[in-house]
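First up is the structure itself, then whatever we jot down about it.
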Number of protein chains: 4
Amino acid sequence: MENDYCLQYREGPANISRMSSNRVEAFSDGVLAIIITIMVLELKVPHEASLEALANLVPVFSSYVLSFLYVGIYWNNHHHLFHSTKQVSAGILWANLHLLFWLSLFPFFTAWMGENHLAPVPTAAYGVVLLMAAVAYYILQLAIIAHQGPKSLLATALGSDWKGKLSPLGYISGILLAFVSPWISGALYAFMAAIWLIPDRRISRVLERDEK
Amino acid sequence: MENDYCLQYREGPANISRMSSNRVEAFSDGVLAIIITIMVLELKVPHEASLEALANLVPVFSSYVLSFLYVGIYWNNHHHLFHSTKQVSAGILWANLHLLFWLSLFPFFTAWMGENHLAPVPTAAYGVVLLMAAVAYYILQLAIIAHQGPKSLLATALGSDWKGKLSPLGYISGILLAFVSPWISGALYAFMAAIWLIPDRRISRVLERDEK
Amino acid sequence: MENDYCLQYREGPANISRMSSNRVEAFSDGVLAIIITIMVLELKVPHEASLEALANLVPVFSSYVLSFLYVGIYWNNHHHLFHSTKQVSAGILWANLHLLFWLSLFPFFTAWMGENHLAPVPTAAYGVVLLMAAVAYYILQLAIIAHQGPKSLLATALGSDWKGKLSPLGYISGILLAFVSPWISGALYAFMAAIWLIPDRRISRVLERDEK
Amino acid sequence: MENDYCLQYREGPANISRMSSNRVEAFSDGVLAIIITIMVLELKVPHEASLEALANLVPVFSSYVLSFLYVGIYWNNHHHLFHSTKQVSAGILWANLHLLFWLSLFPFFTAWMGENHLAPVPTAAYGVVLLMAAVAYYILQLAIIAHQGPKSLLATALGSDWKGKLSPLGYISGILLAFVSPWISGALYAFMAAIWLIPDRRISRVLERDEK
């Protein structure tokens, strides 16, 4: 197997219409790097120079940490996903932009939830954005599998996607429970992040088995 | 055809004055990634934690979605354009910066239109920016064709550029209709985005025919 | 001459301490892309939806256009500069960060000058930042020439650097004239940008002569 | 030793689960470029057009310069660190995100310290963030050494890491002294930056010795 990035040029004009996954990854990297960083701009600098001023920011900071983790997790999984993808179709491209759209809403909803100290509506709304990002990620997986065929490595590797199936349930529970106790929702969102923190070894497992 | 990026180095000092298109694409990618992401900073986090607060943001959100789509479309088409371009002239470079300039105004005019709930003047102004970006894109195409010659692949591929010709008409209609009913303008802008969502297959079609 | 990027890896551990210029260019590209884009965040969205509201922003917009041009010019020249540079020393690295520092102040001083409708002090301050960026660029050139030796291509190419010598004079005049008439300073800054808009052909000319 | 980036593709599917360090560096570069640039957004443009208005900003500007230097230093050392790393484990990846997290708090705490003219609590808080970033960098080094083995080049090179050992002491002193005189803390933070400004030659020294 050859370097796809070089191939792209060596093959010449015929491949003008095809876009290599490198390009999409670089653009997604850029967007994710910006999302993860500009969230900090929503942390409004307090006018007082006291520890109390900082203590008041604890919910805002906690939301920031949570969203930082989620964007980190998406960045991580996004790469594992695209590592098994050499060329992208228009469908994959737009599925990817769809995912980036929902992730781009993280700074707004993180700030809304944090500034309102986990009030019910913002906490539920944050869960909706988490849910939509998870749905968008799922659609992106389907688009890649559709492009590669059902027997692709990715399709096999994702066979037992228990995390991907559990996550939406967790987010939906969080959305509903926000109207009972938003703190439970917050804990649930944090827990769902924790189970994703362990990087996705599904793909590597299948491949290692394959190599034997 | 060889990898231009590698050539750039293999040829040695003689190519110092030439800039490969990779560099321009990377910089444009960076700017587009930032534009698409910082628009979200114009979504001001409401102080109330109610659904009504969120409902009030519907026009702002809709503007955001529309602009996100437009930047996504420009990113997509930009790459298709530069994929057929190996080396860039000073003219191409400045034509590209000119396009990025108009795209950089999207966050401002998106926010102005959204916050004023599609009032006539901001809605017309948004259309002007869409129009100017389309004009800048057209100039960029001309600059690339001028560099490659009239018989270039790009020139052939763009022969029947009905989308490129229809878009300015759509934007001009939107600008004028904003003073009758800005909502028609909004719908028109959304419709023009929709016809661009289908990625540009003109170039690929010509090339595929060529290969036969 | 071989692909430096590949060399970097093929040579193995011995090159750990050397940093290829690609890396520095990529980081600089990122910073310049962000500077050129976040300046738009300083354009505060007016609350009124009238043409007058937009007309009031003309000085702010003009400053934005001017600074956009300057960052575009620096990006352009920066690449011409680094194209002739394969490996960077610590000195080059810090000279480059020093240049980026002054460029990073563009958004602040652009906004200050624009919002105060070219009042004397902000207009002079803007000139100081332009001057410091030009000085930083000059230091960067010296650092690169010091690394490559006085007979390097760059040193030869820059022999008759009339633009580089004229610019500081223009900025200093602008700074002083700001206290007489800031509009003359503004026109002078715009004029200095205009003479830089023509890309730097010095390096290419020398090289083309060399090849004959 | 071969180009890892090329290997990644040539080896084919088997390497899906491994992430090359290039990717991590590119993402970190993006985040660092954004952090170093958006800090300038915390410099609030004054409404008055006088020199006094600018003079009032001296503490804010000084904080900005200090943080700019620190992010520059981290960017510099980060590359020296990853240059000796070809492939990254999940541990390295999360240790890297952990470092980026603390660096992402720089803009907030820089602004808080600057706007309060180095009041005790914000100055101490700034020191805590410097300390945590240093700790995160140390953990990242451990994660890389754990991945490469105790006899790796990096482990040898870092043997006499006096700067890495001195820095936390300096930051802790700064945190405590902030309650006595925050200006001493500020001077101490600036001094710690100064000793890091000299790029990390430890790794290169060991390697050069190795080559002989």
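In the structure tokens, chains take the letters A, B, ... in the order shown, each chain's residues start at 1, and ligands count up from 1 in the order shown.
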Residues at most 10 Å from stretch 114-119 of chain D, counting only C-alpha atoms, excluding those fewer than 2 positions away in the same chain, as a PyMOL selection string? (chain A and resi 45-50) or (chain D and resi 42-44+56-64+108-112+121-124+126+178-179+181-183+185-186)
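The coordinates place atom CA of D:Tyr70 at 26.9 Å from atom CA of C:Gly127.
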Give me the residues near D:Ala95 as a list in words, where near means some atom within 7 Å (using only C-alpha atoms) and where sequence neighbours in that chain fewer than 4 positions away do not count. Gly91, Leu99, Ala136, Ile139 and Leu140 of chain D
Create the file for the chosen residues now, containing N, CA and C atoms and written as a PDB file, in the first residue's frame.
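Once written, again-v9.pdb looks like this:
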```
ATOM      1  N   GLY D  91      -1.713   6.837  26.274  1.00  0.00           N
ATOM      2  CA  GLY D  91      -1.254   7.577  27.451  1.00  0.00           C
ATOM      3  C   GLY D  91      -0.611   8.907  27.069  1.00  0.00           C
ATOM      4  N   LEU D  99      -1.785  18.630  29.118  1.00  0.00           N
ATOM      5  CA  LEU D  99      -0.922  19.815  29.036  1.00  0.00           C
ATOM      6  C   LEU D  99      -1.645  20.951  28.320  1.00  0.00           C
ATOM      7  N   ALA D 136       2.118  19.093  34.140  1.00  0.00           N
ATOM      8  CA  ALA D 136       1.559  18.373  32.988  1.00  0.00           C
ATOM      9  C   ALA D 136       2.654  18.049  31.974  1.00  0.00           C
ATOM     10  N   ILE D 139       4.614  15.134  33.360  1.00  0.00           N
ATOM     11  CA  ILE D 139       3.869  13.884  33.159  1.00  0.00           C
ATOM     12  C   ILE D 139       3.980  13.425  31.703  1.00  0.00           C
ATOM     13  N   LEU D 140       3.909  14.379  30.786  1.00  0.00           N
ATOM     14  CA  LEU D 140       4.031  14.051  29.361  1.00  0.00           C
ATOM     15  C   LEU D 140       5.398  13.429  29.071  1.00  0.00           C
TER      16      LEU D 140
END
```
Residues flagged alpha helix (DSSP H) by DSSP in stretch 50-110 of chain D, as JSON, numbers by chain: {"D": [51, 52, 53, 54, 55, 58, 59, 60, 61, 62, 63, 64, 65, 66, 67, 68, 69, 70, 71, 72, 73, 74, 75, 76, 77, 78, 79, 80, 81, 82, 83, 90, 91, 92, 93, 94, 95, 96, 97, 98, 99, 100, 101, 102, 103, 104, 106, 107, 108, 109, 110]}
Shell around C:Ala26 at 10 Å using only C-alpha atoms, local window under 4 positions removed, as JSON, numbers by chain: {"B": [23, 26, 27], "C": [21, 22, 30, 31, 32], "D": [26, 29, 30, 33]}
Quick check, in Å to one decimal: how far apart do atom CA of C:Ser67 and atom CA of C:Ala90 lie? 29.0 Å
Excluding same-chain residues fewer than 2 positions from C:Asn96, what lies within 12 Å of it counting only C-alpha atoms, as a tab-separated table (two decimals) with all heavy atoms, in the first residue's frame?
```
chain	number	residue	atom	x	y	z
C	21	SER	N	12.25	23.98	8.80
C	21	SER	CA	11.52	25.22	8.63
C	21	SER	C	10.03	24.96	8.38
C	21	SER	O	9.20	25.81	8.64
C	21	SER	CB	12.13	26.03	7.49
C	21	SER	OG	11.89	25.39	6.27
C	24	VAL	N	8.07	25.50	11.51
C	24	VAL	CA	7.96	26.92	11.87
C	24	VAL	C	6.97	27.61	10.95
C	24	VAL	O	6.16	28.44	11.40
C	24	VAL	CB	9.35	27.60	11.78
C	24	VAL	CG1	9.25	29.06	12.20
C	24	VAL	CG2	10.35	26.87	12.65
C	25	GLU	N	7.00	27.26	9.67
C	25	GLU	CA	6.07	27.86	8.72
C	25	GLU	C	4.63	27.48	9.06
C	25	GLU	O	3.73	28.32	9.03
C	25	GLU	CB	6.39	27.38	7.30
C	25	GLU	CG	7.58	28.08	6.68
C	25	GLU	CD	7.77	27.64	5.24
C	25	GLU	OE1	8.38	26.58	5.03
C	25	GLU	OE2	7.29	28.34	4.35
C	27	PHE	N	3.37	26.64	11.97
C	27	PHE	CA	2.93	27.34	13.17
C	27	PHE	C	2.65	28.81	12.85
C	27	PHE	O	1.63	29.37	13.26
C	27	PHE	CB	3.99	27.22	14.27
C	27	PHE	CG	3.61	27.87	15.56
C	27	PHE	CD1	2.64	27.31	16.38
C	27	PHE	CD2	4.20	29.06	15.97
C	27	PHE	CE1	2.28	27.90	17.58
C	27	PHE	CE2	3.85	29.66	17.16
C	27	PHE	CZ	2.88	29.08	17.97
C	28	SER	N	3.55	29.44	12.09
C	28	SER	CA	3.36	30.84	11.71
C	28	SER	C	2.09	31.00	10.88
C	28	SER	O	1.33	31.95	11.08
C	28	SER	CB	4.57	31.34	10.92
C	28	SER	OG	5.76	31.08	11.62
C	29	ASP	N	1.88	30.09	9.94
C	29	ASP	CA	0.65	30.10	9.15
C	29	ASP	C	-0.57	30.09	10.04
C	29	ASP	O	-1.52	30.84	9.82
C	29	ASP	CB	0.60	28.85	8.26
C	29	ASP	CG	1.16	29.11	6.89
C	29	ASP	OD1	1.73	30.19	6.68
C	29	ASP	OD2	1.02	28.24	6.03
C	31	VAL	N	-0.84	31.01	13.23
C	31	VAL	CA	-0.97	32.27	13.97
C	31	VAL	C	-1.46	33.38	13.03
C	31	VAL	O	-2.38	34.14	13.38
C	31	VAL	CB	0.37	32.66	14.63
C	31	VAL	CG1	0.31	34.06	15.21
C	31	VAL	CG2	0.72	31.65	15.73
C	32	LEU	N	-0.90	33.47	11.81
C	32	LEU	CA	-1.31	34.52	10.87
C	32	LEU	C	-2.76	34.33	10.44
C	32	LEU	O	-3.52	35.31	10.34
C	32	LEU	CB	-0.38	34.52	9.66
C	32	LEU	CG	1.04	35.02	9.93
C	32	LEU	CD1	1.94	34.82	8.73
C	32	LEU	CD2	1.02	36.50	10.31
C	74	TYR	N	2.40	40.29	5.00
C	74	TYR	CA	3.39	39.61	5.83
C	74	TYR	C	3.37	38.11	5.59
C	74	TYR	O	4.42	37.46	5.56
C	74	TYR	CB	3.19	39.94	7.32
C	74	TYR	CG	3.95	41.17	7.72
C	74	TYR	CD1	3.29	42.37	7.93
C	74	TYR	CD2	5.34	41.14	7.86
C	74	TYR	CE1	3.99	43.53	8.28
C	74	TYR	CE2	6.04	42.28	8.20
C	74	TYR	CZ	5.37	43.47	8.41
C	74	TYR	OH	6.07	44.59	8.73
C	78	HIS	N	6.61	36.38	4.27
C	78	HIS	CA	7.11	35.38	5.21
C	78	HIS	C	7.43	34.08	4.49
C	78	HIS	O	8.46	33.45	4.74
C	78	HIS	CB	6.05	35.15	6.29
C	78	HIS	CG	6.52	34.32	7.44
C	78	HIS	ND1	6.41	32.95	7.45
C	78	HIS	CD2	7.11	34.66	8.61
C	78	HIS	CE1	6.90	32.49	8.59
C	78	HIS	NE2	7.32	33.51	9.31
C	79	HIS	N	6.54	33.71	3.57
C	79	HIS	CA	6.78	32.46	2.86
C	79	HIS	C	7.93	32.57	1.88
C	79	HIS	O	8.73	31.65	1.76
C	79	HIS	CB	5.53	32.01	2.12
C	79	HIS	CG	4.62	31.36	3.06
C	79	HIS	ND1	5.00	30.26	3.77
C	79	HIS	CD2	3.39	31.67	3.46
C	79	HIS	CE1	4.03	29.91	4.56
C	79	HIS	NE2	3.03	30.75	4.41
C	81	LEU	N	10.41	34.34	2.28
C	81	LEU	CA	11.59	34.33	3.13
C	81	LEU	C	11.97	32.90	3.54
C	81	LEU	O	13.13	32.49	3.42
C	81	LEU	CB	11.30	35.17	4.38
C	81	LEU	CG	12.47	35.62	5.23
C	81	LEU	CD1	13.42	36.45	4.40
C	81	LEU	CD2	11.97	36.43	6.41
C	82	PHE	N	10.98	32.15	4.01
C	82	PHE	CA	11.28	30.81	4.53
C	82	PHE	C	11.48	29.78	3.42
C	82	PHE	O	12.00	28.70	3.67
C	82	PHE	CB	10.20	30.35	5.51
C	82	PHE	CG	10.48	30.77	6.91
C	82	PHE	CD1	10.12	32.02	7.37
C	82	PHE	CD2	11.18	29.92	7.76
C	82	PHE	CE1	10.42	32.41	8.66
C	82	PHE	CE2	11.48	30.30	9.04
C	82	PHE	CZ	11.10	31.56	9.50
C	88	VAL	N	16.16	25.70	10.71
C	88	VAL	CA	16.13	26.92	11.50
C	88	VAL	C	16.95	26.78	12.77
C	88	VAL	O	16.98	25.73	13.40
C	88	VAL	CB	14.69	27.34	11.86
C	88	VAL	CG1	13.91	27.64	10.59
C	88	VAL	CG2	14.00	26.29	12.68
C	89	SER	N	17.61	27.85	13.15
C	89	SER	CA	18.36	27.89	14.40
C	89	SER	C	17.44	28.43	15.49
C	89	SER	O	16.35	28.92	15.21
C	89	SER	CB	19.56	28.83	14.24
C	89	SER	OG	19.08	30.14	13.98
C	90	ALA	N	17.91	28.36	16.73
C	90	ALA	CA	17.13	28.90	17.83
C	90	ALA	C	16.91	30.40	17.63
C	90	ALA	O	15.84	30.94	17.92
C	90	ALA	CB	17.85	28.64	19.15
C	91	GLY	N	17.93	31.07	17.09
C	91	GLY	CA	17.81	32.50	16.86
C	91	GLY	C	16.70	32.83	15.87
C	91	GLY	O	15.90	33.74	16.10
C	92	ILE	N	16.64	32.07	14.78
C	92	ILE	CA	15.59	32.29	13.78
C	92	ILE	C	14.21	32.07	14.42
C	92	ILE	O	13.27	32.83	14.22
C	92	ILE	CB	15.78	31.34	12.58
C	92	ILE	CG1	17.07	31.70	11.82
C	92	ILE	CG2	14.58	31.38	11.65
C	92	ILE	CD1	17.42	30.72	10.70
C	93	LEU	N	14.15	31.02	15.23
C	93	LEU	CA	12.89	30.67	15.87
C	93	LEU	C	12.36	31.80	16.75
C	93	LEU	O	11.18	32.15	16.70
C	93	LEU	CB	13.13	29.44	16.72
C	93	LEU	CG	11.99	28.47	16.77
C	93	LEU	CD1	12.56	27.08	16.84
C	93	LEU	CD2	11.13	28.79	17.94
C	94	TRP	N	13.24	32.38	17.54
C	94	TRP	CA	12.78	33.44	18.44
C	94	TRP	C	12.57	34.75	17.68
C	94	TRP	O	11.68	35.54	18.03
C	94	TRP	CB	13.73	33.60	19.63
C	94	TRP	CG	13.55	32.47	20.60
C	94	TRP	CD1	14.39	31.40	20.77
C	94	TRP	CD2	12.43	32.25	21.46
C	94	TRP	NE1	13.86	30.54	21.70
C	94	TRP	CE2	12.66	31.03	22.14
C	94	TRP	CE3	11.25	32.95	21.72
C	94	TRP	CZ2	11.75	30.50	23.06
C	94	TRP	CZ3	10.36	32.43	22.65
C	94	TRP	CH2	10.61	31.22	23.30
C	98	HIS	N	9.12	36.74	17.70
C	98	HIS	CA	9.12	38.18	17.94
C	98	HIS	C	8.29	38.91	16.89
C	98	HIS	O	7.47	39.78	17.21
C	98	HIS	CB	10.58	38.69	17.93
C	98	HIS	CG	10.72	40.15	18.14
C	98	HIS	ND1	11.39	40.95	17.25
C	98	HIS	CD2	10.25	40.99	19.11
C	98	HIS	CE1	11.35	42.20	17.68
C	98	HIS	NE2	10.66	42.25	18.80
C	99	LEU	N	8.44	38.49	15.62
C	99	LEU	CA	7.61	39.07	14.56
C	99	LEU	C	6.12	38.77	14.80
C	99	LEU	O	5.27	39.66	14.71
C	99	LEU	CB	8.05	38.51	13.20
C	99	LEU	CG	7.16	38.85	12.00
C	99	LEU	CD1	7.12	40.36	11.76
C	99	LEU	CD2	7.64	38.14	10.74
C	100	LEU	N	5.84	37.50	15.15
C	100	LEU	CA	4.44	37.12	15.39
C	100	LEU	C	3.85	37.92	16.55
C	100	LEU	O	2.66	38.24	16.56
C	100	LEU	CB	4.32	35.62	15.67
C	100	LEU	CG	4.65	34.70	14.49
C	100	LEU	CD1	4.53	33.24	14.90
C	100	LEU	CD2	3.75	34.97	13.30
C	101	PHE	N	4.68	38.23	17.55
C	101	PHE	CA	4.20	39.01	18.68
C	101	PHE	C	3.65	40.36	18.20
C	101	PHE	O	2.54	40.75	18.56
C	101	PHE	CB	5.32	39.23	19.72
C	101	PHE	CG	4.92	40.19	20.78
C	101	PHE	CD1	4.05	39.80	21.79
C	101	PHE	CD2	5.38	41.50	20.78
C	101	PHE	CE1	3.65	40.69	22.78
C	101	PHE	CE2	4.98	42.40	21.76
C	101	PHE	CZ	4.13	41.99	22.75
C	102	TRP	N	4.44	41.08	17.40
C	102	TRP	CA	3.99	42.40	16.95
C	102	TRP	C	2.78	42.28	16.04
C	102	TRP	O	1.86	43.11	16.11
C	102	TRP	CB	5.14	43.18	16.28
C	102	TRP	CG	6.16	43.60	17.30
C	102	TRP	CD1	7.40	43.06	17.50
C	102	TRP	CD2	5.99	44.60	18.32
C	102	TRP	NE1	8.01	43.67	18.57
C	102	TRP	CE2	7.18	44.63	19.09
C	102	TRP	CE3	4.95	45.48	18.66
C	102	TRP	CZ2	7.36	45.49	20.17
C	102	TRP	CZ3	5.14	46.34	19.73
C	102	TRP	CH2	6.32	46.34	20.48
C	103	LEU	N	2.77	41.25	15.20
C	103	LEU	CA	1.60	41.06	14.34
C	103	LEU	C	0.35	40.74	15.17
C	103	LEU	O	-0.76	41.12	14.81
C	103	LEU	CB	1.86	39.95	13.31
C	103	LEU	CG	2.97	40.25	12.30
C	103	LEU	CD1	3.18	39.06	11.37
C	103	LEU	CD2	2.65	41.50	11.47
C	133	ALA	N	6.72	45.79	13.69
C	133	ALA	CA	6.61	44.58	12.88
C	133	ALA	C	7.65	44.59	11.77
C	133	ALA	O	8.27	43.56	11.46
C	133	ALA	CB	5.20	44.44	12.32
C	135	VAL	N	10.53	46.21	11.84
C	135	VAL	CA	11.82	45.98	12.48
C	135	VAL	C	12.01	44.50	12.79
C	135	VAL	O	13.08	43.92	12.54
C	135	VAL	CB	11.94	46.83	13.78
C	135	VAL	CG1	13.15	46.41	14.61
C	135	VAL	CG2	11.99	48.31	13.44
C	136	ALA	N	10.95	43.86	13.32
C	136	ALA	CA	11.02	42.44	13.66
C	136	ALA	C	11.27	41.61	12.40
C	136	ALA	O	12.01	40.62	12.44
C	136	ALA	CB	9.72	42.00	14.34
C	137	TYR	N	10.65	42.01	11.29
C	137	TYR	CA	10.86	41.29	10.03
C	137	TYR	C	12.31	41.44	9.58
C	137	TYR	O	12.92	40.47	9.09
C	137	TYR	CB	9.91	41.84	8.96
C	137	TYR	CG	9.89	41.02	7.70
C	137	TYR	CD1	9.14	39.85	7.62
C	137	TYR	CD2	10.61	41.42	6.57
C	137	TYR	CE1	9.12	39.09	6.46
C	137	TYR	CE2	10.60	40.67	5.41
C	137	TYR	CZ	9.85	39.51	5.36
C	137	TYR	OH	9.83	38.76	4.20
C	138	TYR	N	12.85	42.65	9.77
C	138	TYR	CA	14.24	42.90	9.39
C	138	TYR	C	15.19	42.05	10.23
C	138	TYR	O	16.13	41.44	9.71
C	138	TYR	CB	14.53	44.40	9.57
C	138	TYR	CG	15.92	44.81	9.16
C	138	TYR	CD1	16.30	44.79	7.83
C	138	TYR	CD2	16.84	45.21	10.13
C	138	TYR	CE1	17.58	45.17	7.45
C	138	TYR	CE2	18.12	45.58	9.76
C	138	TYR	CZ	18.50	45.56	8.42
C	138	TYR	OH	19.76	45.91	8.06
C	139	ILE	N	14.92	41.98	11.55
C	139	ILE	CA	15.74	41.15	12.44
C	139	ILE	C	15.68	39.69	12.00
C	139	ILE	O	16.68	38.97	11.99
C	139	ILE	CB	15.28	41.31	13.91
C	139	ILE	CG1	15.56	42.74	14.39
C	139	ILE	CG2	15.96	40.29	14.81
C	139	ILE	CD1	14.97	43.05	15.77
C	140	LEU	N	14.48	39.26	11.61
C	140	LEU	CA	14.30	37.87	11.16
C	140	LEU	C	15.16	37.60	9.92
C	140	LEU	O	15.82	36.56	9.82
C	140	LEU	CB	12.82	37.61	10.87
C	140	LEU	CG	12.43	36.23	10.36
C	140	LEU	CD1	12.84	35.14	11.31
C	140	LEU	CD2	10.93	36.14	10.11
C	141	GLN	N	15.16	38.56	8.99
C	141	GLN	CA	16.01	38.42	7.80
C	141	GLN	C	17.48	38.30	8.19
C	141	GLN	O	18.19	37.43	7.68
C	141	GLN	CB	15.85	39.65	6.89
C	141	GLN	CG	14.60	39.64	6.05
C	141	GLN	CD	14.55	40.83	5.11
C	141	GLN	OE1	15.20	41.84	5.33
C	141	GLN	NE2	13.78	40.71	4.05
C	142	LEU	N	17.90	39.17	9.12
C	142	LEU	CA	19.29	39.11	9.57
C	142	LEU	C	19.61	37.77	10.20
C	142	LEU	O	20.68	37.19	9.96
C	142	LEU	CB	19.57	40.23	10.59
C	142	LEU	CG	19.57	41.67	10.07
C	142	LEU	CD1	19.98	42.62	11.18
C	142	LEU	CD2	20.50	41.81	8.87
C	143	ALA	N	18.69	37.24	11.01
C	143	ALA	CA	18.90	35.95	11.69
C	143	ALA	C	19.05	34.83	10.66
C	143	ALA	O	19.89	33.94	10.82
C	143	ALA	CB	17.75	35.66	12.64
C	144	ILE	N	18.24	34.90	9.59
C	144	ILE	CA	18.32	33.86	8.56
C	144	ILE	C	19.63	33.99	7.79
C	144	ILE	O	20.32	33.00	7.52
C	144	ILE	CB	17.09	33.93	7.62
C	144	ILE	CG1	15.83	33.53	8.40
C	144	ILE	CG2	17.29	33.01	6.42
C	144	ILE	CD1	14.55	33.65	7.60
D	72	GLY	N	5.20	30.49	23.81
D	72	GLY	CA	6.29	30.30	22.86
D	72	GLY	C	7.29	29.25	23.35
D	72	GLY	O	7.73	28.40	22.59
D	76	ASN	N	8.06	25.60	21.68
D	76	ASN	CA	9.44	25.25	21.36
D	76	ASN	C	9.84	23.91	21.99
D	76	ASN	O	10.27	22.98	21.30
D	76	ASN	CB	10.33	26.40	21.87
D	76	ASN	CG	11.73	26.31	21.32
D	76	ASN	OD1	12.08	25.36	20.64
D	76	ASN	ND2	12.54	27.30	21.63
```
Counting only C-alpha atoms, the option among B:Val128, B:Pro168, B:Leu197, B:Ile38 closest to A:Pro107: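 Nearest candidate to A:Pro107 out of B:Val128, B:Pro168, B:Leu197, B:Ile38: B:Ile38.
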Looking only at strand (DSSP E or B) from DSSP on the backbone, list the matching residues of stretch 10-114 of chain C as a PDB file with N, CA, C and O atoms, in the first residue's frame.
```pdb
ATOM      1  N   MET C  19      15.290  21.801  13.972  1.00  0.00           N
ATOM      2  CA  MET C  19      13.887  21.896  13.621  1.00  0.00           C
ATOM      3  C   MET C  19      13.806  22.336  12.161  1.00  0.00           C
ATOM      4  O   MET C  19      14.475  23.267  11.750  1.00  0.00           O
ATOM      5  N   SER C  20      13.007  21.610  11.385  1.00  0.00           N
ATOM      6  CA  SER C  20      12.907  21.979   9.984  1.00  0.00           C
ATOM      7  C   SER C  20      12.044  23.223   9.860  1.00  0.00           C
ATOM      8  O   SER C  20      11.206  23.517  10.711  1.00  0.00           O
ATOM      9  N   GLN C  87      16.612  24.858   7.290  1.00  0.00           N
ATOM     10  CA  GLN C  87      16.680  24.473   8.699  1.00  0.00           C
ATOM     11  C   GLN C  87      16.753  25.740   9.539  1.00  0.00           C
ATOM     12  O   GLN C  87      17.349  26.728   9.109  1.00  0.00           O
ATOM     13  N   VAL C  88      16.156  25.705  10.712  1.00  0.00           N
ATOM     14  CA  VAL C  88      16.130  26.925  11.502  1.00  0.00           C
ATOM     15  C   VAL C  88      16.952  26.784  12.766  1.00  0.00           C
ATOM     16  O   VAL C  88      16.982  25.733  13.400  1.00  0.00           O
TER      17      VAL C  88
END
```
Just the number, please: distance in Å from atom CA of C:Trp196 to atom CA of C:Trp162, one decimal. 10.9 Å
